[in-house]
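Enquirer: The following file, model.tsv, comprises TSV, C-alpha atoms and all ligand atoms:
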chain	number	residue	atom	x	y	z
A	1	MET	CA	11.06	-25.13	-27.95
A	2	LYS	CA	10.17	-25.34	-24.29
A	3	CYS	CA	9.01	-22.72	-21.78
A	4	ARG	CA	11.83	-21.82	-19.37
A	5	LYS	CA	9.41	-21.64	-16.47
A	6	CYS	CA	6.90	-24.47	-16.74
A	7	GLY	CA	8.64	-26.59	-19.42
A	8	VAL	CA	5.61	-26.85	-21.69
A	9	ASP	CA	6.26	-27.33	-25.43
A	10	ILE	CA	5.69	-24.08	-27.27
A	11	LEU	CA	4.50	-24.09	-30.87
A	12	PRO	CA	6.77	-22.20	-33.26
A	13	GLY	CA	5.73	-18.55	-33.29
A	14	GLU	CA	3.86	-18.88	-29.98
A	15	GLU	CA	6.90	-18.29	-27.80
A	16	ARG	CA	7.25	-15.07	-25.83
A	17	GLU	CA	10.56	-13.59	-24.74
A	18	LEU	CA	10.94	-11.70	-21.49
A	19	TYR	CA	14.29	-10.59	-20.04
A	20	GLY	CA	16.04	-13.06	-22.34
A	21	GLU	CA	13.90	-16.04	-21.26
A	22	ILE	CA	11.65	-17.94	-23.60
A	23	LEU	CA	8.25	-18.35	-21.99
A	24	CYS	CA	4.89	-19.75	-23.00
A	25	GLU	CA	1.94	-17.37	-23.30
A	26	ASP	CA	0.64	-18.28	-19.81
A	27	CYS	CA	3.94	-17.76	-18.02
A	28	TYR	CA	4.52	-14.56	-19.96
A	29	MET	CA	1.18	-13.09	-18.86
A	30	ASP	CA	1.93	-14.33	-15.36
A	31	ARG	CA	5.24	-12.47	-15.27
A	32	LEU	CA	3.71	-9.26	-16.63
A	33	SER	CA	0.76	-9.24	-14.27
A	34	PRO	CA	1.31	-7.16	-11.12
A	35	ALA	CA	-0.98	-9.49	-9.14
A	36	ARG	CA	1.09	-12.38	-7.83
A	37	PRO	CA	-0.41	-15.45	-6.17
A	38	CYS	CA	2.05	-14.95	-3.32
A	39	ASP	CA	0.50	-11.54	-2.63
A	40	PRO	CA	-3.12	-12.17	-1.53
A	41	TRP	CA	-3.79	-8.47	-1.01
A	42	ALA	CA	-2.82	-7.58	-4.59
A	43	VAL	CA	-5.04	-10.36	-5.93
A	44	HIS	CA	-7.83	-9.25	-3.64
A	45	SER	CA	-7.55	-5.59	-4.71
A	46	ALA	CA	-7.45	-6.45	-8.38
A	47	LYS	CA	-10.66	-8.46	-7.96
A	48	SER	CA	-12.48	-5.98	-5.72
A	49	PHE	CA	-11.69	-2.89	-7.70
A	50	GLY	CA	-11.66	-4.30	-11.21
A	51	GLY	CA	-7.95	-3.64	-11.63
A	52	LYS	CA	-8.35	0.14	-11.82
A	53	PRO	CA	-5.89	2.42	-9.98
A	54	VAL	CA	-6.66	2.21	-6.28
A	55	GLY	CA	-5.42	5.29	-4.39
A	56	GLU	CA	-6.93	5.28	-0.90
A	57	ASN	CA	-8.49	1.91	-1.58
A	58	GLU	CA	-5.11	0.35	-1.02
A	59	LEU	CA	-5.23	1.41	2.62
A	60	THR	CA	-6.39	-1.00	5.28
A	61	PRO	CA	-9.59	-0.09	7.16
A	62	VAL	CA	-7.51	0.97	10.17
A	63	GLN	CA	-5.30	3.19	8.01
A	64	ARG	CA	-8.38	4.79	6.49
A	65	ARG	CA	-9.74	5.53	9.98
A	66	ILE	CA	-6.44	7.13	10.94
A	67	ILE	CA	-6.62	9.39	7.88
A	68	GLU	CA	-10.25	10.30	8.69
A	69	LEU	CA	-9.38	11.13	12.28
A	70	LEU	CA	-6.46	13.30	11.25
A	71	ARG	CA	-8.62	15.06	8.68
A	72	GLU	CA	-11.25	15.65	11.36
A	73	THR	CA	-8.86	16.92	14.00
A	74	GLY	CA	-6.26	18.63	11.83
A	75	GLY	CA	-3.61	16.60	13.63
A	76	THR	CA	-3.43	14.94	16.99
A	77	GLU	CA	-1.12	13.27	19.49
A	78	LEU	CA	-0.24	9.57	19.50
A	79	PRO	CA	-2.02	8.69	22.78
A	80	VAL	CA	-5.20	10.35	21.48
A	81	LEU	CA	-5.03	8.34	18.27
A	82	SER	CA	-4.44	5.02	19.98
A	83	ASP	CA	-7.29	5.81	22.37
A	84	ARG	CA	-9.76	6.80	19.66
A	85	LEU	CA	-8.84	3.80	17.50
A	86	ARG	CA	-8.53	1.37	20.41
A	87	LEU	CA	-5.17	0.26	19.11
A	88	LYS	CA	-2.14	-0.78	21.11
A	89	PRO	CA	0.67	1.79	20.71
A	90	ALA	CA	2.86	-0.82	18.97
A	91	ASP	CA	0.10	-1.61	16.46
A	92	LEU	CA	-0.58	2.06	15.90
A	93	GLU	CA	3.11	2.75	15.30
A	94	ARG	CA	3.17	0.06	12.63
A	95	GLU	CA	0.17	1.56	10.80
A	96	LEU	CA	1.64	5.05	11.09
A	97	ALA	CA	4.96	3.87	9.70
A	98	ALA	CA	3.17	2.43	6.68
A	99	LEU	CA	1.21	5.64	6.16
A	100	ARG	CA	4.34	7.73	6.54
A	101	HIS	CA	6.03	5.57	3.94
A	102	MET	CA	3.14	6.29	1.53
A	103	GLU	CA	3.50	10.01	2.32
A	104	LYS	CA	-0.05	10.13	3.69
A	105	ILE	CA	0.89	11.45	7.10
A	106	ARG	CA	3.81	13.07	8.89
A	107	ALA	CA	4.80	14.04	12.39
A	108	GLU	CA	5.49	17.56	13.59
A	109	LEU	CA	6.28	19.31	16.85
A	110	ARG	CA	3.64	21.66	18.21
A	111	SER	CA	4.56	23.44	21.44
A	112	GLY	CA	7.18	20.76	22.01
A	113	LYS	CA	4.72	17.89	21.58
A	114	LYS	CA	4.75	15.32	18.80
A	115	PHE	CA	1.66	15.60	16.66
A	116	ILE	CA	0.62	13.33	13.82
A	117	CYS	CA	-1.08	15.08	10.92
A	118	LEU	CA	-1.91	14.59	7.27
A	119	TRP	CA	0.99	14.91	4.86
A	120	ASP	CA	-0.48	17.97	3.12
A	121	THR	CA	-1.39	19.82	6.33
A	122	PRO	CA	0.24	23.28	6.29
A	123	ARG	CA	3.21	23.32	8.64
A	124	ALA	CA	2.75	24.93	12.02
A	125	GLU	CA	3.96	28.53	11.99
A	126	SER	CA	6.21	28.38	15.03
A	127	ALA	CA	8.50	25.49	15.80
B	1	ZN	ZN	5.17	-21.71	-19.27
Please render this file's structure as structure tokens.

Expert:
Amino acid sequence: MKCRKCGVDILPGEERELYGEILCEDCYMDRLSPARPCDPWAVHSAKSFGGKPVGENELTPVQRRIIELLRETGGTELPVLSDRLRLKPADLERELAALRHMEKIRAELRSGKKFICLWDTPRAESA
């Protein structure tokens, strides 16, 4: 019997089956592992943090600074953020989009201005 992925001969009883494919032990572990060689960040995190759940550790340093600033200020405007972080607006927008996707931050209108604040910040009383 041969491994479907790498073609190595598998000893009887040593084969592993995953999604209907016969794999050798190595390829099987490879498929099950969340850290893929094509994802350097995942490999890096798994090494740095011993494979334990990461939480805020999965944020980039810039994203962590954004969170800190928002925690400090209770929410602030985009130009203030890009100024404090010395980021180009386009770069900042990209980081914010990622954070929004993770439900770490959100935007809200305060007196008609767009503010960025932490996801769990209580909503402003008046719209
Ligand atoms: Zn294999």

Enquirer: Using only C-alpha atoms, which of A:Cys117, A:Glu95, A:Glu77, A:Asp30 sits nearest Pro61 (chain A)?

Expert: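 Residue with the minimum atom-to-atom distance to Pro61 (chain A): A:Glu95.
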
Enquirer: So the first atom is CA of Val8 (chain A) and the second is CA of Ser33 (chain A); what is the distance between them in Å, to one decimal place?

Expert: 19.7 Å

Enquirer: Select the residues contacting ligand ZN 1 (chain B) at a distance of at most 10 Å, based on all atoms listed in the file, then format the selection as a VMD selection string.

Expert: chain A and resid 2 to 10 15 to 16 22 to 30

Enquirer: For CA of Pro89 (chain A) and CA of Leu59 (chain A), determine how far apart the two atoms are, in Å to one decimal place.

Expert: 19.0 Å

Enquirer: For Ile105 (chain A), work out the shell of residues within 12 Å, counting all atoms listed in the file and skipping chain neighbours fewer than 2 positions away, then give it as an MDAnalysis selection string.

Expert: chainID A and resid 63:64 66:71 74:76 95:103 107:108 115:122

Enquirer: Calculate how many Å separate CA of Lys88 (chain A) from CA of Glu58 (chain A), rounding to one decimal.

Expert: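 Between CA of Lys88 (chain A) and CA of Glu58 (chain A) the gap is 22.4 Å.
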
Enquirer: Could you complete region 60-86 of chain A so that it carries N, CA, C and O atoms, and give it back as an mmCIF file, in the frame of the given file?

Expert:
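Full text of result-v9.cif as output:
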data_model
loop_
_atom_site.group_PDB
_atom_site.id
_atom_site.type_symbol
_atom_site.label_atom_id
_atom_site.label_comp_id
_atom_site.auth_asym_id
_atom_site.auth_seq_id
_atom_site.Cartn_x
_atom_site.Cartn_y
_atom_site.Cartn_z
ATOM 1 N N THR A 60 -5.585 -0.093 4.469
ATOM 2 C CA THR A 60 -6.390 -1.000 5.280
ATOM 3 C C THR A 60 -7.473 -0.179 5.969
ATOM 4 O O THR A 60 -7.358 1.052 6.057
ATOM 5 N N PRO A 61 -8.528 -0.834 6.456
ATOM 6 C CA PRO A 61 -9.590 -0.090 7.160
ATOM 7 C C PRO A 61 -9.039 0.761 8.304
ATOM 8 O O PRO A 61 -9.482 1.897 8.495
ATOM 9 N N VAL A 62 -8.090 0.226 9.052
ATOM 10 C CA VAL A 62 -7.510 0.970 10.170
ATOM 11 C C VAL A 62 -6.795 2.218 9.645
ATOM 12 O O VAL A 62 -6.939 3.311 10.195
ATOM 13 N N GLN A 63 -6.024 2.045 8.577
ATOM 14 C CA GLN A 63 -5.300 3.190 8.010
ATOM 15 C C GLN A 63 -6.271 4.258 7.519
ATOM 16 O O GLN A 63 -6.035 5.454 7.673
ATOM 17 N N ARG A 64 -7.398 3.814 6.954
ATOM 18 C CA ARG A 64 -8.380 4.790 6.490
ATOM 19 C C ARG A 64 -8.985 5.565 7.667
ATOM 20 O O ARG A 64 -9.238 6.756 7.572
ATOM 21 N N ARG A 65 -9.193 4.853 8.793
ATOM 22 C CA ARG A 65 -9.740 5.530 9.980
ATOM 23 C C ARG A 65 -8.738 6.537 10.536
ATOM 24 O O ARG A 65 -9.132 7.606 11.012
ATOM 25 N N ILE A 66 -7.464 6.191 10.474
ATOM 26 C CA ILE A 66 -6.440 7.130 10.940
ATOM 27 C C ILE A 66 -6.490 8.404 10.104
ATOM 28 O O ILE A 66 -6.502 9.513 10.638
ATOM 29 N N ILE A 67 -6.561 8.239 8.786
ATOM 30 C CA ILE A 67 -6.620 9.390 7.880
ATOM 31 C C ILE A 67 -7.859 10.246 8.194
ATOM 32 O O ILE A 67 -7.774 11.469 8.281
ATOM 33 N N GLU A 68 -9.011 9.568 8.381
ATOM 34 C CA GLU A 68 -10.250 10.300 8.690
ATOM 35 C C GLU A 68 -10.107 11.111 9.970
ATOM 36 O O GLU A 68 -10.477 12.278 10.016
ATOM 37 N N LEU A 69 -9.554 10.446 10.989
ATOM 38 C CA LEU A 69 -9.380 11.130 12.280
ATOM 39 C C LEU A 69 -8.478 12.344 12.155
ATOM 40 O O LEU A 69 -8.753 13.402 12.731
ATOM 41 N N LEU A 70 -7.408 12.189 11.399
ATOM 42 C CA LEU A 70 -6.460 13.300 11.250
ATOM 43 C C LEU A 70 -7.095 14.434 10.452
ATOM 44 O O LEU A 70 -6.840 15.603 10.704
ATOM 45 N N ARG A 71 -7.937 14.046 9.484
ATOM 46 C CA ARG A 71 -8.620 15.060 8.680
ATOM 47 C C ARG A 71 -9.591 15.837 9.574
ATOM 48 O O ARG A 71 -9.691 17.060 9.500
ATOM 49 N N GLU A 72 -10.283 15.086 10.429
ATOM 50 C CA GLU A 72 -11.250 15.650 11.360
ATOM 51 C C GLU A 72 -10.592 16.630 12.344
ATOM 52 O O GLU A 72 -11.085 17.714 12.591
ATOM 53 N N THR A 73 -9.468 16.173 12.900
ATOM 54 C CA THR A 73 -8.860 16.920 14.000
ATOM 55 C C THR A 73 -7.822 17.925 13.532
ATOM 56 O O THR A 73 -7.432 18.805 14.292
ATOM 57 N N GLY A 74 -7.336 17.764 12.303
ATOM 58 C CA GLY A 74 -6.260 18.630 11.830
ATOM 59 C C GLY A 74 -4.916 18.241 12.430
ATOM 60 O O GLY A 74 -3.951 18.996 12.336
ATOM 61 N N GLY A 75 -4.856 17.074 13.029
ATOM 62 C CA GLY A 75 -3.610 16.600 13.630
ATOM 63 C C GLY A 75 -3.822 16.326 15.102
ATOM 64 O O GLY A 75 -4.524 17.084 15.775
ATOM 65 N N THR A 76 -3.228 15.260 15.585
ATOM 66 C CA THR A 76 -3.430 14.940 16.990
ATOM 67 C C THR A 76 -2.237 14.157 17.529
ATOM 68 O O THR A 76 -1.354 13.765 16.778
ATOM 69 N N GLU A 77 -2.242 13.957 18.860
ATOM 70 C CA GLU A 77 -1.120 13.270 19.490
ATOM 71 C C GLU A 77 -1.328 11.753 19.448
ATOM 72 O O GLU A 77 -2.456 11.267 19.392
ATOM 73 N N LEU A 78 -0.209 11.035 19.550
ATOM 74 C CA LEU A 78 -0.240 9.570 19.500
ATOM 75 C C LEU A 78 -1.205 8.941 20.516
ATOM 76 O O LEU A 78 -2.005 8.085 20.131
ATOM 77 N N PRO A 79 -1.134 9.342 21.797
ATOM 78 C CA PRO A 79 -2.020 8.690 22.780
ATOM 79 C C PRO A 79 -3.497 8.900 22.423
ATOM 80 O O PRO A 79 -4.321 8.017 22.643
ATOM 81 N N VAL A 80 -3.823 10.074 21.864
ATOM 82 C CA VAL A 80 -5.200 10.350 21.480
ATOM 83 C C VAL A 80 -5.623 9.403 20.358
ATOM 84 O O VAL A 80 -6.707 8.811 20.388
ATOM 85 N N LEU A 81 -4.750 9.248 19.388
ATOM 86 C CA LEU A 81 -5.030 8.340 18.270
ATOM 87 C C LEU A 81 -5.247 6.906 18.748
ATOM 88 O O LEU A 81 -6.225 6.263 18.360
ATOM 89 N N SER A 82 -4.323 6.422 19.557
ATOM 90 C CA SER A 82 -4.440 5.020 19.980
ATOM 91 C C SER A 82 -5.689 4.828 20.824
ATOM 92 O O SER A 82 -6.322 3.784 20.786
ATOM 93 N N ASP A 83 -6.082 5.872 21.566
ATOM 94 C CA ASP A 83 -7.290 5.810 22.370
ATOM 95 C C ASP A 83 -8.538 5.786 21.489
ATOM 96 O O ASP A 83 -9.415 4.952 21.639
ATOM 97 N N ARG A 84 -8.593 6.699 20.536
ATOM 98 C CA ARG A 84 -9.760 6.800 19.660
ATOM 99 C C ARG A 84 -9.929 5.545 18.798
ATOM 100 O O ARG A 84 -11.032 5.135 18.485
ATOM 101 N N LEU A 85 -8.787 4.960 18.391
ATOM 102 C CA LEU A 85 -8.840 3.800 17.500
ATOM 103 C C LEU A 85 -8.826 2.483 18.264
ATOM 104 O O LEU A 85 -8.967 1.420 17.692
ATOM 105 N N ARG A 86 -8.655 2.571 19.593
ATOM 106 C CA ARG A 86 -8.530 1.370 20.410
ATOM 107 C C ARG A 86 -7.453 0.445 19.882
ATOM 108 O O ARG A 86 -7.653 -0.748 19.698
#
